[in-house]
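One structure is given below, encoded as structure tokens.
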Amino acid sequence: QVQLQESGPGLVKPSQTLSLTCTVSGGSITNGGYYWSWIRQHPGKGLEWIGYIYDSESSRYSGTTNYNPSLKSRINISVDRSKNQFSLRLNAVSAADTAVYYCAREDGGLLSRGNYYYGMDVWGQGTTVTVSS
Amino acid sequence: DIQMTQSPSSLSASVGDRITITCRSSQNILNYLNWYQQKPGKAPKLLIYGASSLHTGVPSRFSGSGSGTDFTLTINSLQPEDFASYYCQQTSSTPWTFGQGSKVEIK
């Protein structure tokens with residue numbers, strides 16, 4: 001059973017770079033053709049999709065990323081296959097980036113009535129990041 | 001971006017009640033609509049995808065319906081473990097967007 005675990009600093013200074021890692025256990029990050037995603041939740045608020053990276057051993061589309069345009073200029077999501085991890089880097093952070101950050105596995109092959117759908121079916125427990133000097 | 005609007009934002013109900021949460025999208029998303037449950041301090045869990053298909057292991061008292069721009073999540077015979085927040089999410093086009101959430105509280 002695949003499990004995800006976020007790690008990284010809980011406190012980041014304004015204007016610096018937030019770096020988080022999600023370690024995948026119980027399965028290889030390259031098996032199954034999943035989308036490895038980041039989502040955040042501001043204190044007491046709803047969920048915001050940050051972006052994903054697609055990885056698959058057998059696909060020429062491996063490494064494809066898709067980012068939220070609201071954050072696109074500041075983010076980078078990458079995969080480290082050797083460590084079975086994927087990572088988020090968010091540059092030039094401000095207090096508005098204070099949030100709980102979740103990593104998740106997104107399955108684009110959820111079958112229903114002959115069609116395939118996307119859904120985030122495995123989540124990490126979340127890590128709180130505070131931006132403050 | 002596609003805007004997702006849920007109602008109500010919160011509701012009080014009793015164990016055994018039947019409740020309905022509504023989600024409306026700002027444009028036609030066919031049935032590319034998911035529902036998640038989130039308990040305090042925990043990560044969300046996928047309940048329903050494709051507007052009406054139950055994810056593996058989700059109890060049958062949960063059901064979803066709708067297409068186009070209007071969707072509903074229904075919980076029949078509310079159980080103590082169902083008191084939580086619920087979010088809809090569209091996966092018709094990126095950026096994926098979520099509703100603001102609906103909190104189900106004990107009456």
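Here's how to read the names in the structure tokens: chain A, B, ... by the order shown, residue numbers from 1 in each chain, ligand numbers from 1 in the order shown.
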
ask   = Which neighbours of range 75-80 of chain B fall inside 9 Å, counting only C-alpha atoms, when residues of the same chain fewer than 6 positions from it are skipped, and could you give them as number ranges by chain?
value = B: 13-21, 60-64, 106

Mind writing the picked residues with N, CA, C and O atoms as a CSV table (one decimal), in the first residue's frame?
```csv
chain,number,residue,atom,x,y,z
B,13,ALA,N,-26.5,18.6,11.9
B,13,ALA,CA,-27.4,17.4,11.6
B,13,ALA,C,-27.2,16.4,12.8
B,13,ALA,O,-26.2,16.5,13.5
B,14,SER,N,-28.1,15.5,12.8
B,14,SER,CA,-28.0,14.4,13.8
B,14,SER,C,-27.7,13.1,13.2
B,14,SER,O,-27.9,12.9,12.0
B,15,VAL,N,-27.1,12.2,14.0
B,15,VAL,CA,-26.9,10.9,13.6
B,15,VAL,C,-28.2,10.3,13.1
B,15,VAL,O,-29.2,10.4,13.7
B,16,GLY,N,-28.1,9.7,11.9
B,16,GLY,CA,-29.2,9.1,11.2
B,16,GLY,C,-29.9,10.0,10.2
B,16,GLY,O,-30.7,9.5,9.4
B,17,ASP,N,-29.6,11.2,10.2
B,17,ASP,CA,-30.1,12.2,9.2
B,17,ASP,C,-29.6,11.9,7.8
B,17,ASP,O,-28.5,11.3,7.6
B,18,ARG,N,-30.4,12.4,6.9
B,18,ARG,CA,-29.9,12.4,5.5
B,18,ARG,C,-29.6,13.8,5.1
B,18,ARG,O,-30.4,14.7,5.4
B,19,ILE,N,-28.4,14.1,4.6
B,19,ILE,CA,-28.0,15.4,4.3
B,19,ILE,C,-27.6,15.5,2.8
B,19,ILE,O,-27.1,14.5,2.2
B,20,THR,N,-27.7,16.7,2.3
B,20,THR,CA,-27.3,17.0,0.9
B,20,THR,C,-26.4,18.2,0.8
B,20,THR,O,-26.8,19.3,1.4
B,21,ILE,N,-25.3,18.2,0.2
B,21,ILE,CA,-24.4,19.3,-0.1
B,21,ILE,C,-24.4,19.5,-1.6
B,21,ILE,O,-24.3,18.6,-2.4
B,60,SER,N,-21.5,2.8,1.2
B,60,SER,CA,-22.6,3.1,0.2
B,60,SER,C,-23.6,4.1,0.7
B,60,SER,O,-24.4,4.5,-0.1
B,61,ARG,N,-23.5,4.6,1.9
B,61,ARG,CA,-24.4,5.7,2.3
B,61,ARG,C,-24.0,7.0,1.7
B,61,ARG,O,-24.8,7.9,1.7
B,62,PHE,N,-22.8,7.0,1.1
B,62,PHE,CA,-22.4,8.2,0.3
B,62,PHE,C,-22.8,8.0,-1.1
B,62,PHE,O,-22.7,7.0,-1.7
B,63,SER,N,-23.4,9.1,-1.7
B,63,SER,CA,-23.7,9.1,-3.1
B,63,SER,C,-23.5,10.5,-3.7
B,63,SER,O,-23.6,11.5,-3.0
B,64,GLY,N,-23.2,10.5,-5.0
B,64,GLY,CA,-23.1,11.7,-5.7
B,64,GLY,C,-23.9,11.7,-7.0
B,64,GLY,O,-24.1,10.7,-7.6
B,106,ILE,N,-22.3,18.3,14.4
B,106,ILE,CA,-23.3,17.6,15.2
B,106,ILE,C,-24.3,18.5,15.8
B,106,ILE,O,-23.9,19.5,16.4
```

Any idea what's packed within 6 Å of Tyr101 in chain A, counting only C-alpha atoms, ignoring anything in its chain fewer than 6 positions away? Could you give it as a short mmCIF file (atom, residue, chain, number, x, y, z; two decimals) with N, CA and C atoms, in the first residue's frame?
```
data_model
loop_
_atom_site.label_atom_id
_atom_site.label_comp_id
_atom_site.auth_asym_id
_atom_site.auth_seq_id
_atom_site.Cartn_x
_atom_site.Cartn_y
_atom_site.Cartn_z
N ILE A 39 -0.64 20.18 -2.97
CA ILE A 39 -1.84 20.95 -2.66
C ILE A 39 -1.55 21.67 -1.34
N ARG A 40 -2.11 22.84 -1.18
CA ARG A 40 -1.93 23.52 0.10
C ARG A 40 -3.26 24.01 0.64
N GLY A 126 0.47 15.88 5.55
CA GLY A 126 0.54 17.34 5.54
C GLY A 126 1.64 17.86 6.44
N THR A 127 2.23 18.97 6.03
CA THR A 127 3.25 19.62 6.84
C THR A 127 2.96 21.12 6.88
#
```

key: Test item, strand (DSSP E) assignment across chain A, answer as a VMD selection string   = chain A and resid 3 to 7 11 to 12 18 to 25 34 to 41 47 to 55 65 to 67 75 to 80 85 to 90 99 to 112 115 to 123 127 to 131

task = Extract the full set of helix (DSSP H, G or I) residues from range 44-111 of chain A according to DSSP on the backbone, and format it as a ChimeraX atom specification.
result = /A:72-74,81-83,95-97

message = Taking only C-alpha atoms into account, find every residue of chain B that has an atom no more than 9 Å from chain A, and write it out as a PyMOL selection string.
response = chain B and resi 32-34+41-50+52-53+55+87+91+94-101

Please, could you write that set of residues out with N, CA and C atoms as a PDB file, in the first residue's frame?
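Saved to result-v4.pdb:
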```pdb
ATOM      1  N   TYR B  32     -16.792  15.786 -14.522  1.00  0.00           N
ATOM      2  CA  TYR B  32     -15.431  15.739 -13.972  1.00  0.00           C
ATOM      3  C   TYR B  32     -15.413  16.409 -12.608  1.00  0.00           C
ATOM      4  N   LEU B  33     -16.038  15.738 -11.665  1.00  0.00           N
ATOM      5  CA  LEU B  33     -16.268  16.311 -10.355  1.00  0.00           C
ATOM      6  C   LEU B  33     -15.959  15.269  -9.282  1.00  0.00           C
ATOM      7  N   ASN B  34     -15.113  15.654  -8.339  1.00  0.00           N
ATOM      8  CA  ASN B  34     -14.774  14.775  -7.226  1.00  0.00           C
ATOM      9  C   ASN B  34     -15.278  15.368  -5.921  1.00  0.00           C
ATOM     10  N   GLY B  41      -7.309  18.376  11.195  1.00  0.00           N
ATOM     11  CA  GLY B  41      -5.924  17.962  11.340  1.00  0.00           C
ATOM     12  C   GLY B  41      -5.501  16.812  10.456  1.00  0.00           C
ATOM     13  N   LYS B  42      -6.367  16.388   9.551  1.00  0.00           N
ATOM     14  CA  LYS B  42      -6.072  15.250   8.679  1.00  0.00           C
ATOM     15  C   LYS B  42      -6.094  15.669   7.217  1.00  0.00           C
ATOM     16  N   ALA B  43      -5.508  14.836   6.381  1.00  0.00           N
ATOM     17  CA  ALA B  43      -5.548  15.076   4.952  1.00  0.00           C
ATOM     18  C   ALA B  43      -6.920  14.704   4.397  1.00  0.00           C
ATOM     19  N   PRO B  44      -7.294  15.314   3.294  1.00  0.00           N
ATOM     20  CA  PRO B  44      -8.550  14.922   2.636  1.00  0.00           C
ATOM     21  C   PRO B  44      -8.505  13.471   2.166  1.00  0.00           C
ATOM     22  N   LYS B  45      -9.704  12.890   2.032  1.00  0.00           N
ATOM     23  CA  LYS B  45      -9.837  11.542   1.485  1.00  0.00           C
ATOM     24  C   LYS B  45     -10.800  11.594   0.308  1.00  0.00           C
ATOM     25  N   LEU B  46     -10.443  10.898  -0.763  1.00  0.00           N
ATOM     26  CA  LEU B  46     -11.296  10.848  -1.938  1.00  0.00           C
ATOM     27  C   LEU B  46     -12.507   9.979  -1.653  1.00  0.00           C
ATOM     28  N   LEU B  47     -13.686  10.550  -1.859  1.00  0.00           N
ATOM     29  CA  LEU B  47     -14.935   9.812  -1.663  1.00  0.00           C
ATOM     30  C   LEU B  47     -15.545   9.374  -2.992  1.00  0.00           C
ATOM     31  N   ILE B  48     -15.676  10.349  -3.889  1.00  0.00           N
ATOM     32  CA  ILE B  48     -16.408  10.143  -5.134  1.00  0.00           C
ATOM     33  C   ILE B  48     -15.638  10.790  -6.270  1.00  0.00           C
ATOM     34  N   TYR B  49     -15.582  10.098  -7.403  1.00  0.00           N
ATOM     35  CA  TYR B  49     -15.002  10.666  -8.624  1.00  0.00           C
ATOM     36  C   TYR B  49     -15.995  10.493  -9.753  1.00  0.00           C
ATOM     37  N   GLY B  50     -15.782  11.257 -10.822  1.00  0.00           N
ATOM     38  CA  GLY B  50     -16.711  11.163 -11.937  1.00  0.00           C
ATOM     39  C   GLY B  50     -18.129  11.498 -11.547  1.00  0.00           C
ATOM     40  N   SER B  52     -20.229  10.541  -9.574  1.00  0.00           N
ATOM     41  CA  SER B  52     -21.134   9.580  -8.937  1.00  0.00           C
ATOM     42  C   SER B  52     -20.511   8.239  -8.587  1.00  0.00           C
ATOM     43  N   SER B  53     -19.243   8.030  -8.888  1.00  0.00           N
ATOM     44  CA  SER B  53     -18.602   6.740  -8.612  1.00  0.00           C
ATOM     45  C   SER B  53     -17.912   6.753  -7.266  1.00  0.00           C
ATOM     46  N   HIS B  55     -15.304   5.847  -4.551  1.00  0.00           N
ATOM     47  CA  HIS B  55     -13.924   5.367  -4.504  1.00  0.00           C
ATOM     48  C   HIS B  55     -13.887   4.099  -3.658  1.00  0.00           C
ATOM     49  N   TYR B  87     -15.371  18.720   0.427  1.00  0.00           N
ATOM     50  CA  TYR B  87     -14.952  19.608  -0.649  1.00  0.00           C
ATOM     51  C   TYR B  87     -15.254  18.977  -2.006  1.00  0.00           C
ATOM     52  N   THR B  91     -12.110  18.494 -12.195  1.00  0.00           N
ATOM     53  CA  THR B  91     -10.937  18.039 -12.957  1.00  0.00           C
ATOM     54  C   THR B  91     -11.258  18.084 -14.451  1.00  0.00           C
ATOM     55  N   THR B  94      -7.297  22.230 -16.010  1.00  0.00           N
ATOM     56  CA  THR B  94      -6.385  22.802 -15.023  1.00  0.00           C
ATOM     57  C   THR B  94      -6.410  24.322 -15.125  1.00  0.00           C
ATOM     58  N   PRO B  95      -6.194  25.034 -14.033  1.00  0.00           N
ATOM     59  CA  PRO B  95      -5.870  24.501 -12.709  1.00  0.00           C
ATOM     60  C   PRO B  95      -7.074  23.835 -12.054  1.00  0.00           C
ATOM     61  N   TRP B  96      -6.863  22.628 -11.494  1.00  0.00           N
ATOM     62  CA  TRP B  96      -7.933  22.032 -10.710  1.00  0.00           C
ATOM     63  C   TRP B  96      -8.347  23.035  -9.629  1.00  0.00           C
ATOM     64  N   THR B  97      -9.615  23.124  -9.357  1.00  0.00           N
ATOM     65  CA  THR B  97     -10.094  24.034  -8.329  1.00  0.00           C
ATOM     66  C   THR B  97     -11.088  23.323  -7.425  1.00  0.00           C
ATOM     67  N   PHE B  98     -11.135  23.787  -6.186  1.00  0.00           N
ATOM     68  CA  PHE B  98     -11.973  23.208  -5.155  1.00  0.00           C
ATOM     69  C   PHE B  98     -13.060  24.192  -4.735  1.00  0.00           C
ATOM     70  N   GLY B  99     -14.150  23.649  -4.235  1.00  0.00           N
ATOM     71  CA  GLY B  99     -15.108  24.483  -3.549  1.00  0.00           C
ATOM     72  C   GLY B  99     -14.538  24.934  -2.221  1.00  0.00           C
ATOM     73  N   GLN B 100     -15.230  25.836  -1.580  1.00  0.00           N
ATOM     74  CA  GLN B 100     -14.726  26.409  -0.333  1.00  0.00           C
ATOM     75  C   GLN B 100     -14.950  25.492   0.864  1.00  0.00           C
ATOM     76  N   GLY B 101     -15.709  24.435   0.670  1.00  0.00           N
ATOM     77  CA  GLY B 101     -15.932  23.474   1.735  1.00  0.00           C
ATOM     78  C   GLY B 101     -17.282  23.621   2.410  1.00  0.00           C
TER      79      GLY B 101
END
```

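CA of Val58 in chain B sits 22.2 Å away from CA of Asp70 in chain B.
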
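What separates CA of Ile29 in chain A from CA of Ile77 in chain A is a distance of 14.0 Å.
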
key: Which residue of A:Ser58, A:Asn31, A:Thr128, A:Asn91 approaches Lys13 in chain A most closely, using only C-alpha atoms   = A:Asn91
